[in-house]
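**Student:** protein08.cif (mmCIF, C-alpha atoms and all ligand atoms) pasted underneath:
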data_upload
#
loop_
_atom_site.label_atom_id
_atom_site.label_comp_id
_atom_site.auth_asym_id
_atom_site.auth_seq_id
_atom_site.Cartn_x
_atom_site.Cartn_y
_atom_site.Cartn_z
CA MET A 1165 209.15 -75.69 20.45
CA ASN A 1166 212.64 -75.34 18.96
CA GLN A 1167 215.85 -76.70 20.50
CA ASP A 1168 217.02 -73.27 21.69
CA SER A 1169 213.78 -72.68 23.60
CA LYS A 1170 214.18 -76.07 25.29
CA LYS A 1171 217.77 -75.20 26.24
CA LYS A 1172 216.60 -71.88 27.67
CA MET A 1173 213.93 -73.67 29.69
CA VAL A 1174 216.46 -75.94 31.41
CA ALA A 1175 218.99 -73.14 31.87
CA GLU A 1176 216.38 -71.15 33.80
CA ALA A 1177 215.26 -74.22 35.75
CA ALA A 1178 218.83 -74.91 36.91
CA MET A 1179 218.80 -71.64 38.85
CA GLU A 1180 216.58 -73.34 41.44
CA PHE A 1181 219.58 -75.49 42.43
CA ILE A 1182 221.92 -72.58 43.10
CA PRO A 1183 222.18 -71.83 46.82
CA GLU A 1184 222.47 -68.24 48.03
CA GLY A 1185 226.14 -67.21 48.25
CA ALA A 1186 227.34 -70.29 46.34
CA ILE A 1187 230.50 -70.74 44.36
CA VAL A 1188 228.97 -72.35 41.28
CA GLY A 1189 230.69 -74.93 39.07
CA VAL A 1190 229.99 -73.98 35.46
CA GLY A 1191 230.24 -76.28 32.45
CA THR A 1192 230.68 -75.49 28.77
CA GLY A 1193 228.51 -75.32 25.67
CA SER A 1194 225.51 -73.59 24.17
CA THR A 1195 223.12 -74.71 26.93
CA VAL A 1196 225.53 -73.54 29.61
CA ASN A 1197 225.92 -70.20 27.81
CA LEU A 1198 222.20 -69.66 28.43
CA PHE A 1199 222.70 -70.69 32.07
CA ILE A 1200 225.50 -68.14 32.40
CA ALA A 1201 223.06 -65.49 31.16
CA CYS A 1202 220.65 -66.51 33.97
CA LEU A 1203 223.49 -66.46 36.52
CA ALA A 1204 224.42 -62.95 35.33
CA GLU A 1205 220.94 -61.73 36.25
CA ARG A 1206 221.47 -63.06 39.78
CA ARG A 1207 225.16 -62.24 40.05
CA ASP A 1208 224.71 -60.46 43.40
CA SER A 1209 223.27 -63.58 45.05
CA ILE A 1210 226.22 -65.84 44.22
CA GLN A 1211 229.80 -65.53 45.39
CA ALA A 1212 231.72 -66.62 42.31
CA ALA A 1213 232.14 -69.41 39.76
CA VAL A 1214 234.62 -72.15 38.95
CA SER A 1215 234.75 -72.65 35.22
CA SER A 1216 235.39 -75.71 33.04
CA SER A 1217 236.80 -73.89 30.00
CA GLU A 1218 238.44 -70.72 28.76
CA ALA A 1219 235.26 -70.02 26.75
CA SER A 1220 232.99 -70.18 29.82
CA SER A 1221 235.51 -68.19 31.89
CA ALA A 1222 235.44 -65.38 29.32
CA LEU A 1223 231.63 -65.31 29.30
CA LEU A 1224 231.43 -65.37 33.11
CA ARG A 1225 233.90 -62.50 33.45
CA LYS A 1226 232.05 -60.52 30.79
CA ALA A 1227 228.90 -61.00 32.87
CA GLY A 1228 230.68 -59.58 35.92
CA ILE A 1229 231.02 -62.92 37.72
CA GLU A 1230 234.33 -63.64 39.41
CA VAL A 1231 236.04 -66.85 38.26
CA LEU A 1232 238.01 -68.69 40.94
CA ASP A 1233 240.70 -71.36 40.71
CA LEU A 1234 239.30 -74.72 41.88
CA ASN A 1235 242.38 -75.12 44.10
CA SER A 1236 241.22 -72.19 46.22
CA THR A 1237 237.59 -73.23 46.74
CA GLY A 1238 237.39 -76.76 48.14
CA THR A 1239 234.31 -78.83 47.31
CA LEU A 1240 231.62 -76.98 45.36
CA ASP A 1241 227.93 -77.22 46.24
CA VAL A 1242 226.75 -77.57 42.69
CA TYR A 1243 228.00 -78.06 39.13
CA VAL A 1244 225.76 -77.24 36.16
CA ASP A 1245 226.62 -78.55 32.70
CA GLY A 1246 225.11 -79.84 29.48
CA ALA A 1247 225.74 -83.17 27.75
CA ASP A 1248 225.80 -84.73 24.30
CA GLU A 1249 223.94 -87.90 25.32
CA VAL A 1250 222.17 -89.01 28.50
CA ASP A 1251 220.87 -92.51 29.29
CA ARG A 1252 218.16 -93.41 31.78
CA HIS A 1253 220.75 -94.18 34.49
CA LEU A 1254 222.10 -90.61 34.10
CA ASN A 1255 225.34 -91.77 32.50
CA LEU A 1256 226.56 -89.17 30.03
CA ILE A 1257 228.65 -88.62 26.95
CA LYS A 1258 230.28 -85.21 27.11
CA GLY A 1259 233.05 -83.40 25.28
CA GLY A 1260 231.36 -82.37 22.06
CA GLY A 1261 232.74 -78.92 22.81
CA GLY A 1262 236.13 -80.36 23.74
CA ALA A 1263 236.08 -79.28 27.40
CA LEU A 1264 235.69 -82.79 28.86
CA THR A 1265 238.80 -82.83 31.06
CA ARG A 1266 238.07 -79.71 33.08
CA GLU A 1267 234.37 -80.61 33.07
CA LYS A 1268 235.17 -83.96 34.64
CA ILE A 1269 237.39 -82.34 37.24
CA VAL A 1270 234.82 -79.74 38.29
CA ALA A 1271 232.04 -82.36 38.31
CA ALA A 1272 234.17 -84.61 40.52
CA ALA A 1273 234.82 -81.76 42.93
CA SER A 1274 231.11 -80.92 43.30
CA ARG A 1275 228.51 -82.34 45.68
CA LYS A 1276 225.69 -82.14 43.14
CA PHE A 1277 225.86 -82.35 39.33
CA VAL A 1278 222.82 -80.86 37.63
CA CYS A 1279 222.82 -81.73 33.93
CA ILE A 1280 220.75 -79.55 31.59
CA VAL A 1281 219.70 -80.88 28.18
CA ASP A 1282 217.00 -80.72 25.56
CA ASP A 1283 215.16 -83.96 24.87
CA THR A 1284 217.16 -84.76 21.70
CA LYS A 1285 220.03 -85.78 24.02
CA MET A 1286 218.10 -88.61 25.71
CA VAL A 1287 219.06 -92.10 24.44
CA ASP A 1288 218.50 -95.75 25.38
CA ILE A 1289 222.14 -96.72 24.81
CA LEU A 1290 225.08 -94.31 24.73
CA GLY A 1291 227.33 -94.28 21.69
CA ALA A 1292 225.49 -92.89 18.67
CA PHE A 1293 227.25 -89.60 19.48
CA PRO A 1294 230.99 -90.19 18.83
CA LEU A 1295 232.76 -90.60 22.17
CA PRO A 1296 235.40 -87.85 22.67
CA VAL A 1297 238.75 -88.95 24.10
CA GLU A 1298 241.36 -86.30 24.95
CA VAL A 1299 244.87 -87.60 24.25
CA ILE A 1300 248.43 -86.45 24.71
CA PRO A 1301 249.48 -85.63 21.09
CA MET A 1302 252.44 -88.08 20.95
CA ALA A 1303 250.14 -90.93 22.01
CA ARG A 1304 247.43 -90.24 19.39
CA SER A 1305 248.18 -93.18 17.08
CA TYR A 1306 248.84 -95.64 19.88
CA VAL A 1307 245.60 -94.71 21.64
CA ALA A 1308 243.71 -94.89 18.32
CA ARG A 1309 244.92 -98.49 17.82
CA GLN A 1310 243.73 -99.45 21.31
CA LEU A 1311 240.34 -97.88 20.63
CA VAL A 1312 240.05 -99.87 17.39
CA ALA A 1313 240.78 -103.02 19.41
CA LEU A 1314 237.83 -102.07 21.63
CA GLY A 1315 235.57 -102.00 18.57
CA GLY A 1316 235.53 -98.25 17.94
CA THR A 1317 236.43 -96.14 14.92
CA PRO A 1318 238.47 -93.18 16.16
CA GLU A 1319 238.70 -90.01 14.12
CA LEU A 1320 241.03 -87.12 14.93
CA ARG A 1321 239.16 -83.86 15.55
CA GLU A 1322 241.04 -81.92 12.87
CA GLY A 1323 242.43 -78.51 13.78
CA PHE A 1324 241.23 -78.70 17.37
CA ILE A 1325 243.49 -78.28 20.41
CA THR A 1326 241.98 -78.45 23.90
CA ASP A 1327 242.45 -75.82 26.61
CA ASN A 1328 245.08 -78.21 28.00
CA GLY A 1329 247.09 -78.32 24.75
CA ASN A 1330 245.97 -81.82 23.78
CA GLU A 1331 244.09 -83.46 20.89
CA ILE A 1332 240.73 -85.19 20.68
CA LEU A 1333 239.83 -88.51 19.09
CA ASP A 1334 236.10 -88.86 18.42
CA VAL A 1335 235.26 -92.55 18.60
CA HIS A 1336 232.44 -93.72 16.30
CA ASN A 1337 230.55 -97.02 16.21
CA LEU A 1338 230.59 -97.79 19.93
CA LYS A 1339 227.51 -99.32 21.50
CA ILE A 1340 228.16 -98.63 25.16
CA ILE A 1341 226.44 -101.38 27.11
CA ASP A 1342 228.42 -100.95 30.36
CA PRO A 1343 229.44 -97.26 30.66
CA PRO A 1344 231.39 -97.47 33.98
CA ALA A 1345 233.42 -100.46 32.71
CA LEU A 1346 234.27 -98.80 29.38
CA GLU A 1347 235.20 -95.60 31.21
CA SER A 1348 237.70 -97.56 33.34
CA THR A 1349 239.09 -99.46 30.36
CA ILE A 1350 239.71 -96.33 28.28
CA ASN A 1351 241.10 -94.45 31.30
CA GLN A 1352 243.77 -97.13 31.58
CA ILE A 1353 245.17 -96.65 28.06
CA SER A 1354 248.49 -94.83 28.34
CA GLY A 1355 248.27 -91.40 26.76
CA VAL A 1356 244.56 -90.93 27.46
CA VAL A 1357 243.94 -87.77 29.45
CA THR A 1358 240.17 -88.06 29.75
CA VAL A 1359 237.37 -90.07 28.19
CA GLY A 1360 234.09 -88.22 27.72
CA LEU A 1361 232.08 -90.95 29.45
CA PHE A 1362 230.69 -89.61 32.71
CA ALA A 1363 229.50 -92.79 34.40
CA GLN A 1364 231.59 -93.16 37.55
CA ARG A 1365 230.70 -89.55 38.36
CA ARG A 1366 227.44 -89.28 36.46
CA ALA A 1367 224.78 -86.61 36.82
CA ASP A 1368 222.74 -86.50 40.02
CA ILE A 1369 219.82 -84.70 38.42
CA VAL A 1370 218.97 -84.24 34.74
CA LEU A 1371 216.67 -81.43 33.68
CA ILE A 1372 215.17 -82.09 30.25
CA GLY A 1373 213.50 -79.48 28.06
CA SER A 1374 210.74 -80.96 25.91
CA ASP A 1375 207.69 -79.93 23.89
CA THR A 1376 205.50 -80.86 26.83
CA GLY A 1377 207.54 -78.80 29.29
CA LEU A 1378 210.29 -79.38 31.84
CA LYS A 1379 211.07 -82.91 32.98
CA ARG A 1380 213.35 -83.90 35.82
CA VAL A 1381 215.14 -87.23 36.44
CA PRO A 1382 214.99 -88.45 39.19
C1 LIG B 1 231.37 -79.57 26.08
C2 LIG B 1 230.24 -80.44 26.49
C3 LIG B 1 228.87 -79.90 26.34
O1 LIG B 1 228.24 -79.97 27.58
C4 LIG B 1 228.11 -80.72 25.34
O2 LIG B 1 228.84 -80.74 24.13
C5 LIG B 1 226.70 -80.15 25.10
O3 LIG B 1 226.80 -78.91 24.47
P1 LIG B 1 225.53 -78.07 24.04
O4 LIG B 1 224.92 -77.53 25.30
O5 LIG B 1 226.11 -77.00 23.15
O6 LIG B 1 224.60 -78.97 23.29
O7 LIG B 1 230.41 -81.54 26.93
O8 LIG B 1 232.59 -80.23 26.20
#
How would this structure read if it were set down as structure tokens?
Ligand code: 5RP
**Tutor:**
Amino acid sequence: MNQDSKKKMVAEAAMEFIPEGAIVGVGTGSTVNLFIACLAERRDSIQAAVSSSEASSALLRKAGIEVLDLNSTGTLDVYVDGADEVDRHLNLIKGGGGALTREKIVAAASRKFVCIVDDTKMVDILGAFPLPVEVIPMARSYVARQLVALGGTPELREGFITDNGNEILDVHNLKIIDPPALESTINQISGVVTVGLFAQRRADIVLIGSDTGLKRVP
């Protein structure tokens, strides 16, 4: 089975977690795009969506789904998003698509975070995928030096500006043994907007598409 079929499998499976009449938190990326297509088919049974990126907002609107401002909704029942890496404790690396800041906000404001991935994303230790860190542009070099001191090799994502007008450093060569601790440490560097480690608010459920079918953790 190819990667796209696995992504489609988990996108469809996530629909089981969407309550009738819900305002659904929607992530960003190719797996989520397939989830948005599933949501579109059931658009009359949901109320609206809160989106984590301009790209997802555009797709949702095109599908006829209303996109609400998080400030007007209160806590969401469920947030559905993909990930770049997932460990067995459901800690994540996210931000490959650059939407990590709004993703983290919507995840934090949701009761349940359902993460949808194909099995290539499952790892023993996070860090083979370069860790995205969104930075205020004037702090880029300072933050990069601090990340080097932590053992990483930061690389500016050339030509990329986030939906929030910031830049991204992709940090290579990290072996992330204690994800919540590293998340706190990087959060405390002045100029960091968001680190793409989702450990303090990790996924509650991970749906994994594999050759042998759908797997769910826990
Ligand atoms: C975007 C993300 C995505 O969830 C992550 O990059 C996975 O994307 P895809 O579903 O395309 O593999 O964090 O910022």
**Student:** Within 12 Å of Thr1265 (chain A), counting all atoms listed in the file, which residues show up once you throw out same-chain ones fewer than 5 positions away? Write them as a PyMOL selection string, please.
**Tutor:** chain A and resi 1191-1192+1215-1217+1258-1260+1270-1272+1296-1299+1326-1332+1351+1356-1362
**Student:** Dump the neighbourhood of ligand LIG 1 (chain B) as a list in words: all residues within 6 Å, distances computed on only C-alpha atoms and all ligand atoms.
**Tutor:** Thr1192, Gly1193, Ser1194, Thr1195, Val1196, Asp1245, Gly1246, Ala1247, Asp1248, Lys1258, Gly1259, Gly1260, Gly1261, Gly1262, Ala1263 and Leu1264 of chain A
**Student:** Hey, what's within 7 Å of Val1242 (chain A) if we count all atoms listed in the file and toss same-chain stuff fewer than 6 positions away? As a CSV table (one decimal) with C-alpha atoms, in the coordinates of the input, please?
**Tutor:**
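Dumped everything to around.csv:
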chain,number,residue,atom,x,y,z
A,1182,ILE,CA,221.9,-72.6,43.1
A,1188,VAL,CA,229.0,-72.4,41.3
A,1189,GLY,CA,230.7,-74.9,39.1
A,1274,SER,CA,231.1,-80.9,43.3
A,1275,ARG,CA,228.5,-82.3,45.7
A,1276,LYS,CA,225.7,-82.1,43.1
A,1277,PHE,CA,225.9,-82.4,39.3
**Student:** What separation in Å, quoted to one decimal, exists between CA of Leu1290 (chain A) and CA of Val1381 (chain A)?
**Tutor:** 16.9 Å
**Student:** Could you check which of A:Val1214, A:Ala1186, A:Val1231, A:Met1173 is closest to Gly1377 (chain A), using only C-alpha atoms?
**Tutor:**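 Ranking A:Val1214, A:Ala1186, A:Val1231, A:Met1173 by distance to Gly1377 (chain A), first place goes to A:Met1173.
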**Student:** Just checking: using only C-alpha atoms, which residue out of A:Ala1363, A:Cys1202, A:Met1179, A:Leu1254 ends up closest to Glu1347 (chain A)?
**Tutor:**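 Going through A:Ala1363, A:Cys1202, A:Met1179, A:Leu1254 one by one, the smallest distance to Glu1347 (chain A) is for A:Ala1363.
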**Student:** So, with all atoms listed in the file as the atoms that count, which of A:Met1286, A:Ala1177, A:Val1307, A:Ala1204 lies closest to Gln1352 (chain A)?
**Tutor:**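 Counting all atoms listed in the file, the residue closest to Gln1352 (chain A) is A:Val1307.
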